[in-house]
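> What follows is a structure written as structure tokens; I'll ask about it next.
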Amino acid sequence: MKEYKSRNEVPKKYQWDLSDFFKNDEEWNKEFDNLKIKINELESYKGKLENSLLLEEFLEKYFKVSSSILNLYVYSYLKHDVELDNALYIEMFEKVSSLYTKYNTVIAFFYPEILKLDEQQFKDLFKTNSNLDKYKIILEDIYKEKKHILSENEEKLISMLTENYDSYEKIASSLINSEHNYGKITTSDGKTIEIAANNFRKLKQDEDKKVRRNAYNKFSKTLKTYQGTESALLNNYVKNNVTLSKIRKYDSPFSEKISNTYLTHKVYDSLQEACTKNLEVNKRFYKLMKKVLNLKTLNSYDTVMKWNKLEKEYTIEEANKIVKEALQVLGSHYVEKLNKVFDNHYIDYCQYKGKCGGGYSYSTYDKDSKILLNYKGNFDGISTIAHEAGHNVHHQFINENNELWYRGNPSIIAEVASLTNEFLLANYMMKTGHSTNEKLIGLENVIKVYQSNFFGAVMEGQLELQMYEKVMNNGTITADFLNKSAYKLLKQYCGNTVKLDKYSSLMWVTRSHYYMEFYLFSYAISVSVASILADKIINNEPGILEKYYKFLKAGSDLKPIEVYKILDIDIESQEVYENGIRFFNKQMDLYEKLLDNK
């Protein structure tokens with residue numbers, strides 16, 4: 001895979017096209033100025049929302065403005081992430097963040113005016129104007145939060161106080177991706193390269209133990225120099241969330257999250273109980289890794305190594321072709337939407353210094369999502385394409401089948417579509433691989449995807465809960481606290497198979513998901529459902545594709561538990577997670593059998 005030093009070197013065919021958002025930065029600025037006027041127009045409805053006709057007018061404009069401001073936000077976010085050190089996009093991002101704060105301040109009267117209505121007045125809104133029925137679920141969701149919504153002035157204050165919330169994650173990302181020099185290293189093929197966040201994982205996969213260890217030590221040593229800064233960011237972020245949840249009269253931010261996602265404590269209790277009861281299965285994973293790699297000692301810097309040697313490097317074109325073929329099993333309607341991803345430059349593929357690491361899919365209410373990658377030419381990269389394309393296609397289904405205001409897609413639903421694709425890709429490789437190694441790589445992928453998204457996610461989700469417990473008990477989140485807590489969890493989950501060192505517990509420093517409030521648990525729930533769903537699709541269970549399409553089309557007028565019932569899955573049941581773990585165990589059985597017969 002060709003390496004690029006900067007974005008200017010990357011061919012246009014491998015860059016995303018953002019012109020469906022805005023043709024250029026000038027058009028963005030023009031829309032920014034227009035939106036300032038539209039936001040001010042919303043203020044004219046203040047004190048008038050008890051009138052059902054005026055409420056309808058307000059809602060129509062409110063959702064259009066919300067959609068437009070999100071487009072501004074996402075465009076600047078995407079531009080910033082591919083050029084982290086470009087001052088123009090930093091400025092644009094800050095401008096739209098400030099505009100969003102102004103918007104929230106202007107419309108701060110909306111919720112309080114709905115909530116000041118008594119029950120009869122609220123019901124009368126729909127009797128006097130049947131056009132409001134299309135917004136009924138939205139309005140009922142607002143009304144049910146009556147005890148948690150504050151006065152107009154208090155809501156304005158909260159909007160101003162939370163204006164810079166996104167800066168926590170942005171600062172953390174900049175520290176990791178562009179602010180620090182991690183040094184250079186000579187790889188096993190004789191190349192001297194700079195260590196960076198977006199190539200660190202690949203360096204830890206080097207066959208030369210010395211390269212892995214040196215890269216790990218240099219990168220981790222640098223992380224340790226600013227662990228205090230990172231822990232301070234997390235401490236302030238968590239403290240703010242705890243304070244806001246108290247102001248809104250919730251027991252905790254976790255309870256607020258459960259309320260806002262319409263889940264129950266039983267969902268999370270069942271998940272964690274199933275995980276904790278089956279930690280021996282996770283320890284088996286590390287024992288299998290040690291066996292496959294034929295290592296006397298499995299060190300922390302060994303745990304992302306490839307299990308199988310495959311000299312083949314996949315071009316971007318080959319990767320796209322494999323993903324398309326693997327997902328044919330989902331039917332022509334799905335593939336039609338998948339082709340849009342590749343044919344319309346929805347993906348920004350290549351890595352270089354100054355680009356945000358990792359990968360994601362980011363969409364808005366009226367635009368298909370754009371996908372950021374750091375493609376490295378290996379099978380992991382192909383799997384990431386399948387994963388993020390799953391998000392994109394899911395959004396296409398949602399946006400085509402729901403009104404603007406019901407196009408929300410909570411993470412607990414969103415990750416099912418992406419993870420299902422990864423499992424289907426692995427199954428495809430298992431069946432069509434040209435060699436035993438290619439088949440093993442398919443199985444290796446599905447095993448690692450499940451392990452990281454279930455056991456790994458629950459473990460780190462539990463660390464996040466400990467952060468909140470610390471602050472709620474008037475403590476402070478320090479680097480020392482996080483390192484000790486992380487080390488204890490690693491010992492619990494890995495047993496004695498993995499040799500932990502002084503840097504092992506720094507895993508929390510690079511985890512951006514802590515700025516997304518209990519997002520990690522969503523992965524664990526979703527991967528359990530995805531494993532069950534993929535198994536049914538692979539085995540051609542009658543009617544499963546019809547159910548899956550219905551699932552993909554579901555909008556936010558349905559609650560997550562209701563959406564899962566479309567697939568006949570009850571996420572409050574511990575059996576769902578037990579079934580997922582059995583699926584995981586079965587994949588390890590298949591892997592060992594294929595390995596032993598190699």
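Just remember, in the structure tokens the first chain shown is A, the second B, etc., residues are 1-based per chain, and ligands are 1-based in the order shown.
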Which residues, written as an mmCIF file with C-alpha atoms, in the first residue's frame, have at least one atom at most 7 Å from Val211 of chain A, with only C-alpha atoms counted and residues fewer than 3 positions away on the same chain left out?

```
data_model
loop_
_atom_site.group_PDB
_atom_site.id
_atom_site.type_symbol
_atom_site.label_atom_id
_atom_site.label_comp_id
_atom_site.auth_asym_id
_atom_site.auth_seq_id
_atom_site.Cartn_x
_atom_site.Cartn_y
_atom_site.Cartn_z
ATOM 1 C CA THR A 187 10.784 -1.808 10.733
ATOM 2 C CA SER A 188 11.699 -5.409 9.983
ATOM 3 C CA ASP A 206 5.349 -6.402 12.922
ATOM 4 C CA ASP A 208 9.929 -8.711 14.636
ATOM 5 C CA ASN A 214 10.245 -0.581 20.638
ATOM 6 C CA ALA A 215 7.235 0.950 18.895
#
```
> Can you list every residue of segment 39-90 of chain A that has an atom at most 12 Å from segment 331-349 of chain A, with its nearest atom pair and the distance in Å to one decimal, using only C-alpha atoms, ordered by chain then number, as CSV?

```
residue,atom,partner,partner_atom,distance
A:Leu78,CA,A:Asp348,CA,9.9
A:Lys79,CA,A:Asp348,CA,10.9
A:Asp81,CA,A:Asp348,CA,10.6
A:Val82,CA,A:Asp348,CA,8.5
```
> Which one is closest to Asn409 of chain A: A:Glu27, A:Glu155, A:Asp557, A:Glu3? Count only C-alpha atoms.
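Checking each candidate against Asn409 of chain A, we get A:Asp557 as the closest.
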> From a backbone DSSP assignment, name each residue in segment 282-467 of chain A labelled strand (DSSP E), as a CSV table (one decimal) with all heavy atoms, in the first residue's frame.

```
chain,number,residue,atom,x,y,z
A,298,LEU,N,3.1,-14.0,26.2
A,298,LEU,CA,2.2,-13.1,25.4
A,298,LEU,C,2.2,-11.8,26.1
A,298,LEU,O,1.6,-11.6,27.2
A,298,LEU,CB,0.8,-13.7,25.4
A,298,LEU,CG,-0.2,-12.9,24.5
A,298,LEU,CD1,0.2,-12.9,23.1
A,298,LEU,CD2,-1.6,-13.5,24.7
A,299,ASN,N,3.0,-10.8,25.5
A,299,ASN,CA,3.1,-9.5,26.1
A,299,ASN,C,2.0,-8.6,25.6
A,299,ASN,O,1.3,-8.9,24.6
A,299,ASN,CB,4.4,-8.9,25.7
A,299,ASN,CG,5.6,-9.6,26.3
A,299,ASN,OD1,5.9,-9.6,27.5
A,299,ASN,ND2,6.3,-10.4,25.5
A,347,ILE,N,-16.1,7.7,0.5
A,347,ILE,CA,-15.1,7.3,1.4
A,347,ILE,C,-13.8,8.1,1.2
A,347,ILE,O,-13.3,8.3,0.1
A,347,ILE,CB,-14.8,5.8,1.2
A,347,ILE,CG1,-16.0,4.9,1.4
A,347,ILE,CG2,-13.7,5.3,2.1
A,347,ILE,CD1,-15.8,3.4,1.1
A,348,ASP,N,-13.1,8.4,2.3
A,348,ASP,CA,-11.8,9.0,2.3
A,348,ASP,C,-10.8,7.9,2.8
A,348,ASP,O,-10.8,7.6,4.0
A,348,ASP,CB,-11.7,10.3,3.2
A,348,ASP,CG,-10.6,11.2,2.8
A,348,ASP,OD1,-10.8,12.0,1.9
A,348,ASP,OD2,-9.5,11.0,3.4
A,360,TYR,N,-14.7,6.1,10.8
A,360,TYR,CA,-16.1,6.3,11.2
A,360,TYR,C,-17.0,6.7,10.0
A,360,TYR,O,-16.5,6.9,8.9
A,360,TYR,CB,-16.2,7.5,12.2
A,360,TYR,CG,-15.7,8.8,11.7
A,360,TYR,CD1,-16.4,9.6,10.8
A,360,TYR,CD2,-14.5,9.4,12.2
A,360,TYR,CE1,-16.0,10.8,10.3
A,360,TYR,CE2,-14.1,10.7,11.8
A,360,TYR,CZ,-14.8,11.3,10.8
A,360,TYR,OH,-14.4,12.6,10.4
A,361,SER,N,-18.3,6.6,10.2
A,361,SER,CA,-19.2,7.1,9.2
A,361,SER,C,-20.1,8.2,9.9
A,361,SER,O,-20.6,8.0,11.0
A,361,SER,CB,-20.1,5.9,8.8
A,361,SER,OG,-21.2,6.3,7.9
A,362,TYR,N,-20.2,9.3,9.2
A,362,TYR,CA,-20.9,10.4,9.8
A,362,TYR,C,-22.0,10.9,8.8
A,362,TYR,O,-21.7,11.3,7.7
A,362,TYR,CB,-19.9,11.6,10.1
A,362,TYR,CG,-20.3,12.5,11.2
A,362,TYR,CD1,-19.3,13.1,12.0
A,362,TYR,CD2,-21.6,12.7,11.6
A,362,TYR,CE1,-19.7,14.0,13.1
A,362,TYR,CE2,-22.0,13.5,12.7
A,362,TYR,CZ,-21.0,14.1,13.4
A,362,TYR,OH,-21.3,14.9,14.5
A,370,LYS,N,-20.6,10.1,5.1
A,370,LYS,CA,-19.3,10.1,4.6
A,370,LYS,C,-18.4,9.2,5.5
A,370,LYS,O,-18.6,9.2,6.8
A,370,LYS,CB,-18.7,11.5,4.4
A,370,LYS,CG,-19.5,12.4,3.5
A,370,LYS,CD,-19.5,11.8,2.1
A,370,LYS,CE,-20.2,12.7,1.1
A,370,LYS,NZ,-21.7,12.6,1.2
A,371,ILE,N,-17.5,8.5,4.9
A,371,ILE,CA,-16.7,7.5,5.7
A,371,ILE,C,-15.2,7.9,5.7
A,371,ILE,O,-14.6,8.1,4.7
A,371,ILE,CB,-16.9,6.1,5.1
A,371,ILE,CG1,-18.3,5.7,5.2
A,371,ILE,CG2,-15.9,5.1,5.7
A,371,ILE,CD1,-18.7,4.4,4.4
A,372,LEU,N,-14.7,8.0,6.9
A,372,LEU,CA,-13.2,8.3,7.1
A,372,LEU,C,-12.5,7.0,7.4
A,372,LEU,O,-13.0,6.2,8.3
A,372,LEU,CB,-13.0,9.3,8.2
A,372,LEU,CG,-11.5,9.6,8.4
A,372,LEU,CD1,-11.4,11.1,8.6
A,372,LEU,CD2,-10.9,8.9,9.6
```
> Please determine, counting only C-alpha atoms, which residue among A:Asn483, A:Ser383, A:Ser52, A:Thr101 has the shortest atom-to-atom distance to Ile69 of chain A.
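Checking each of A:Asn483, A:Ser383, A:Ser52, A:Thr101 against Ile69 of chain A, counting only C-alpha atoms, the winner is A:Thr101.
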> Which one is closest to Ser369 of chain A: A:Ile538, A:Val74, A:Leu520, A:Val292? Count only C-alpha atoms.
A:Val74
> Which of segment 265-429 of chain A counts as helix (DSSP H, G or I) under DSSP, as JSON, numbers by chain please?
{"A": [265, 266, 267, 268, 269, 270, 271, 272, 273, 274, 275, 276, 277, 279, 280, 281, 282, 283, 284, 285, 286, 287, 288, 289, 290, 291, 292, 293, 300, 301, 302, 316, 317, 318, 319, 320, 321, 322, 323, 324, 325, 326, 327, 328, 329, 330, 332, 333, 334, 335, 336, 337, 338, 339, 340, 341, 342, 343, 379, 380, 381, 382, 383, 384, 385, 386, 387, 388, 389, 390, 391, 392, 393, 394, 395, 396, 397, 398, 399, 400, 401, 404, 405, 406, 411, 412, 413, 414, 415, 416, 417, 418, 419, 420, 421, 422, 423, 424, 425, 426, 427, 428, 429]}
